[in-house]
Each structure stands twice: as structure tokens, then as C-alpha cells.
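Colleague: Structure below; questions to follow.
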Amino acid sequence: TILFVRRMTSTYRRATPVLLVLSARRVSGEGYATRSSLRLRMGEAKDNETEKTILFVRHAEGWHNKDERELANWHTDKLGLTAKYRDARLTPVGIEQCAELRARLAGDAEFAPPDIVVVSPLSRTIQTATLTFTGGPFPFVATELARERIAAHECDHRSPLSSLSPEFPHVDFRQIKHDDDVPWLDKEDIPDEYDSIACKQRGIDLLAWLWKRPERRIAVVSHWVFLRHLFGQFPDLPITNFANAEMRVVALSDALDDASPDL
């Protein structure tokens with residue numbers, strides 16, 4: 001929390017600005033924790049009372065990924081900014097990648113399924129989550145907190161909720177407040193879309209939201225630029241780009257909480 005106050009000097013009686021940086025919980029109706037109290041480390045939770053296991057997954061290959069790689073004029077003609085790629089979906093290769101990840105998890109005798117699957121509300125992440133985490137009975141919950149960094153790329157422009165809900169009836173969309181993509185209007189590109197202050201903060205907000213949920217083992221299906229912003233805030237985590245359909249397992253904790261959290 002940053003507060004600006006004005007101090008009156010004794011000599012000139014002139015107001016002088018003073019910057020105070022307070023180390024405390026962020027002012028919020030949710031009581032979210034600050035970055036300094038949240039902790040991430042690679043690996044499974046060792047103590048279910050003080051840590052949660054988070055399975056971060058990047059979506060499988062989308063059409064924007066394929067065409068950026070294969071079309072020579074992708075950048076020169078700024079194809080990624082065209083409506084053709086709005087809320088890009090998975091390619092056939094992306095669907096195969098989901099099947100491969102699902103098979104690897106099924107073949108791992110030590111893998112435990114998640115208690116809940118949290119998804120970005122973009123189609124390719126919902127598809128990836130649906131095709132990868134099968135066999136429930138765990139709920140699927142969509143949240144804007146997990147969506148891609150918001151810039152000008154149409155692949156990150158969410159479809160209307162009225163279109164998503166009928167197509168993905170198994171997903172709980174109650175966290176999504178608007179039918180139209182209202183957050184799309186508030187770009188996360190300051191100072192730069194690949195080093196966004198707002199995107200970093202949203203990453204911390206996501207962690208705090210996950211921490212306050214009752215589930216102890218949570219899958220989060222999201223996007224590489226968002227995950228890079230999130231992982232980059234924790235020195236012990238690798239910030240190398242996630243591959244399509246890659247999963248990384250981390251343990252989440254909050255130094256300000258001494259006991260198991262509850263909503």
C-alpha cells in the first residue's frame with residue numbers, strides 16, 4: 001500500500017510530499033495477502049495444513065500458436081490483431097497434446113487428481129482442462145484471475161459468456177461478472193505487455209484466491225505470458241516459457257497464516 005501525504009516544513013511552511021510505503025496486507029474486501037507473505041516453491045506440498053499443491057498447466061496448441069509459427073506474414077501483417085483469432089481454439093495437434101498429458105498423468109502411479117480445476121475463461125484453456133482432467137468428480141471453475149495478460153492480441157479476447165456457458169456446461173462461470181469481455185477494455189501493458197505491473201498483481205491475486213479456497217490440491221489451466229509474470233515474482237521458480245500442455249507442480253503457502261485456511 002502506498003500513501004502520499006503532505007508535510008509542512010518548519011522553515012518555509014511549505015507543503016512537501018512524503019512517500020510512505022506500508023508493509024501490510026493489501027487493502028481489499030477479500031483480505032488478500034501481499035506478495036511478501038505468499039510463497040511458491042517447486043514440488044508437491046509437504047504439509048497439507050500449511051501448504052497447498054498447485055498444478056499449473058499451460059493450454060495446448062491453439063490456432064494462433066500454429067499460425068504464428070508457420071505464417072511468414074504473421075508479424076508483418078499483424079495477423080494476431082485480427083478478429084479471425086478472437087478467443088482462439090485448439091488445433092488438432094493441441095487436442096492430441098491434451099490426450100498425451102492425460103495419458104502421462106494416468107500412467108503415473110504417484111499422481112493424485114486435483115480437488116478442483118480452475119480455468120481461464122478463454123476457450124483454449126477450457127478445452128485443455130476438459131480434455132486433460134477427466135474422470136472427476138472434481139468441479140471446473142472459471143475465473144478472470146487466471147486469464148492471459150490483456151493486451152491487443154485477439155486470441156486473448158474472451159467470447160461472450162452466453163456462448164461459453166452452453167458449450168461448456170460442466171464449468172462454473174459464476175466468477176465471471178459480465179457476458180461481454182469487459183476486462184478486455186482495461187489493457188495490462190504498462191510499462192510493457194511483457195512486463196506488466198497489473199498482470200503481476202493479478203497473479204498475486206490469483207494465488208491469494210487459491211489460498212483462501214478450501215481445496216488443498218488445485219489444477220490451474222492458464223497461459224504462458226500470465227504464468228511468466230506470476231513465476232517471475234518468485235526467485236526460486238524457473239521463468240522459462242511453458243510449452244503447450246506443459247504442467248509444473250508447485251507448493252503454495254502464506255507466511256501470515258499459521259493454520260489451514262478456510263473461506
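By convention here, the chains of the C-alpha cells are called A, B, ... in the order presented, each chain's residues are numbered starting at 1, and ligands are numbered starting at 1 in the order presented.
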Pull the closest atom pair for each residue of stretch 161-219 of chain A that gets at most 9 Å from stretch 125-135 of chain A, along with the distance in Å to one decimal, counting only C-alpha atoms, ordering rows by chain and then ascending residue number, as a tab-separated table.

Modeller:
residue	atom	partner	partner_atom	distance
A:Phe168	CA	A:Ile126	CA	7.9
A:His170	CA	A:Thr130	CA	8.9
A:Val171	CA	A:Ile126	CA	8.3
A:Ala219	CA	A:Ala129	CA	8.7

Colleague: Write out as a list in words which residues come within 9 Å of A:His223 when counting only C-alpha atoms, dropping same-chain ones fewer than 2 positions away.

Modeller: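 Close residues of A:His223: Val57, Arg58, His59, Ser120, Thr125, Ala146, Arg147, Glu148, Arg149, Val221, Val225, Phe226, Leu227, Arg228, Phe242 and Asn244 of chain A.
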
Colleague: Calculate how many Å separate atom CA of A:Asp87 from atom CA of A:Pro160, rounding to one decimal.

Modeller: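 Separating atom CA of A:Asp87 from atom CA of A:Pro160 is a distance of 9.9 Å.
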
Colleague: Just the residues within 10 Å of stretch 35-41 of chain A, please, counting only C-alpha atoms, with nothing from its chain fewer than 2 positions along; format it as a PyMOL selection string.

Modeller: chain A and resi 23-26+32-33+43-45+51-54+200-201+203-205+207-208+211+231+233-238+249-257

Colleague: Can you tell me, as a list in words, what residues are no more than 9 Å from A:Ala142 when counting only C-alpha atoms, ignoring any on the same chain fewer than 2 positions away?

Modeller: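 Contacts, with the query itself left out: Val117, Val118, Val119, Ser120, Pro121, Leu122, Ile126, Phe140, Glu144, Leu145, Ala146, Val171, Asp172, Phe173, Arg174, Gln175 and Ile176 of chain A.
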
Colleague: Using DSSP on the backbone, list every residue of stretch 26-162 of chain A that comes out as strand (DSSP E), and give them as a PyMOL selection string.

Modeller: chain A and resi 38-42+52-58+116-119+140-142

Colleague: Which is closest to A:Thr143 among A:Leu161, A:Asp77, A:Pro166, A:Asp67, if we use only C-alpha atoms?

Modeller: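 Among the listed residues, A:Leu161 lies closest to A:Thr143.
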
Colleague: Have a look at atom CA of A:Glu215 and atom CA of A:Lys46 and let me know their distance in Å, one decimal.

Modeller: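 Distance reported for this atom pair: 15.3 Å.
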
Colleague: Running DSSP on the backbone, which parts of stretch 75-168 of chain A land in helix (DSSP H, G or I), as a PDB file with C-alpha atoms, in the first residue's frame?

Modeller:
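What landed in selection11.pdb:
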ATOM      1  CA  LEU A  79      -2.498 -11.133 -38.123  1.00  0.00           C
ATOM      2  CA  GLY A  80      -2.740 -11.709 -34.402  1.00  0.00           C
ATOM      3  CA  LEU A  81      -4.686  -8.464 -34.084  1.00  0.00           C
ATOM      4  CA  ALA A  83     -10.856 -10.854 -35.435  1.00  0.00           C
ATOM      5  CA  LYS A  84     -10.159 -14.231 -37.059  1.00  0.00           C
ATOM      6  CA  TYR A  85      -8.146 -15.247 -33.994  1.00  0.00           C
ATOM      7  CA  PRO A  92      -5.871 -30.961 -33.836  1.00  0.00           C
ATOM      8  CA  VAL A  93      -2.294 -31.085 -32.543  1.00  0.00           C
ATOM      9  CA  GLY A  94      -3.415 -29.283 -29.401  1.00  0.00           C
ATOM     10  CA  ILE A  95      -6.138 -31.859 -28.854  1.00  0.00           C
ATOM     11  CA  GLU A  96      -3.516 -34.610 -29.220  1.00  0.00           C
ATOM     12  CA  GLN A  97      -1.292 -32.822 -26.685  1.00  0.00           C
ATOM     13  CA  CYS A  98      -4.129 -32.945 -24.157  1.00  0.00           C
ATOM     14  CA  ALA A  99      -4.535 -36.674 -24.757  1.00  0.00           C
ATOM     15  CA  GLU A 100      -0.789 -37.200 -24.271  1.00  0.00           C
ATOM     16  CA  LEU A 101      -0.761 -35.250 -20.994  1.00  0.00           C
ATOM     17  CA  ARG A 102      -3.834 -37.127 -19.782  1.00  0.00           C
ATOM     18  CA  ALA A 103      -2.156 -40.442 -20.583  1.00  0.00           C
ATOM     19  CA  ARG A 104       1.052 -39.441 -18.780  1.00  0.00           C
ATOM     20  CA  LEU A 105      -0.888 -38.495 -15.663  1.00  0.00           C
ATOM     21  CA  ALA A 106      -2.957 -41.695 -15.796  1.00  0.00           C
ATOM     22  CA  SER A 123     -11.855 -21.325 -24.918  1.00  0.00           C
ATOM     23  CA  ARG A 124      -8.451 -22.957 -25.401  1.00  0.00           C
ATOM     24  CA  THR A 125      -7.832 -23.249 -21.659  1.00  0.00           C
ATOM     25  CA  ILE A 126     -11.305 -24.658 -21.024  1.00  0.00           C
ATOM     26  CA  GLN A 127     -10.755 -27.169 -23.827  1.00  0.00           C
ATOM     27  CA  THR A 128      -7.353 -28.126 -22.419  1.00  0.00           C
ATOM     28  CA  ALA A 129      -8.724 -28.577 -18.908  1.00  0.00           C
ATOM     29  CA  THR A 130     -11.710 -30.584 -20.116  1.00  0.00           C
ATOM     30  CA  LEU A 131      -9.643 -32.922 -22.284  1.00  0.00           C
ATOM     31  CA  THR A 132      -6.855 -33.385 -19.734  1.00  0.00           C
ATOM     32  CA  GLU A 144     -10.771 -13.931 -14.897  1.00  0.00           C
ATOM     33  CA  LEU A 145      -7.826 -14.005 -12.477  1.00  0.00           C
ATOM     34  CA  ALA A 146      -6.253 -16.843 -14.495  1.00  0.00           C
ATOM     35  CA  GLU A 154      -7.293 -11.120 -30.324  1.00  0.00           C
ATOM     36  CA  CYS A 155      -6.573 -14.681 -29.217  1.00  0.00           C
ATOM     37  CA  ASP A 156      -6.889 -13.343 -25.653  1.00  0.00           C
ATOM     38  CA  LEU A 161     -20.389 -15.815 -21.612  1.00  0.00           C
ATOM     39  CA  SER A 162     -23.677 -16.567 -23.350  1.00  0.00           C
ATOM     40  CA  SER A 163     -21.658 -18.542 -25.929  1.00  0.00           C
ATOM     41  CA  LEU A 164     -19.290 -20.255 -23.497  1.00  0.00           C
ATOM     42  CA  SER A 165     -21.851 -21.472 -20.972  1.00  0.00           C
ATOM     43  CA  PRO A 166     -23.881 -23.692 -23.358  1.00  0.00           C
ATOM     44  CA  GLU A 167     -20.737 -25.119 -24.938  1.00  0.00           C
TER      45      GLU A 167
END

Colleague: One decimal, in Å: what's the spacing between atom CA of A:Thr82 and atom CA of A:Trp63?

Modeller: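 These two atoms are separated by 12.8 Å.
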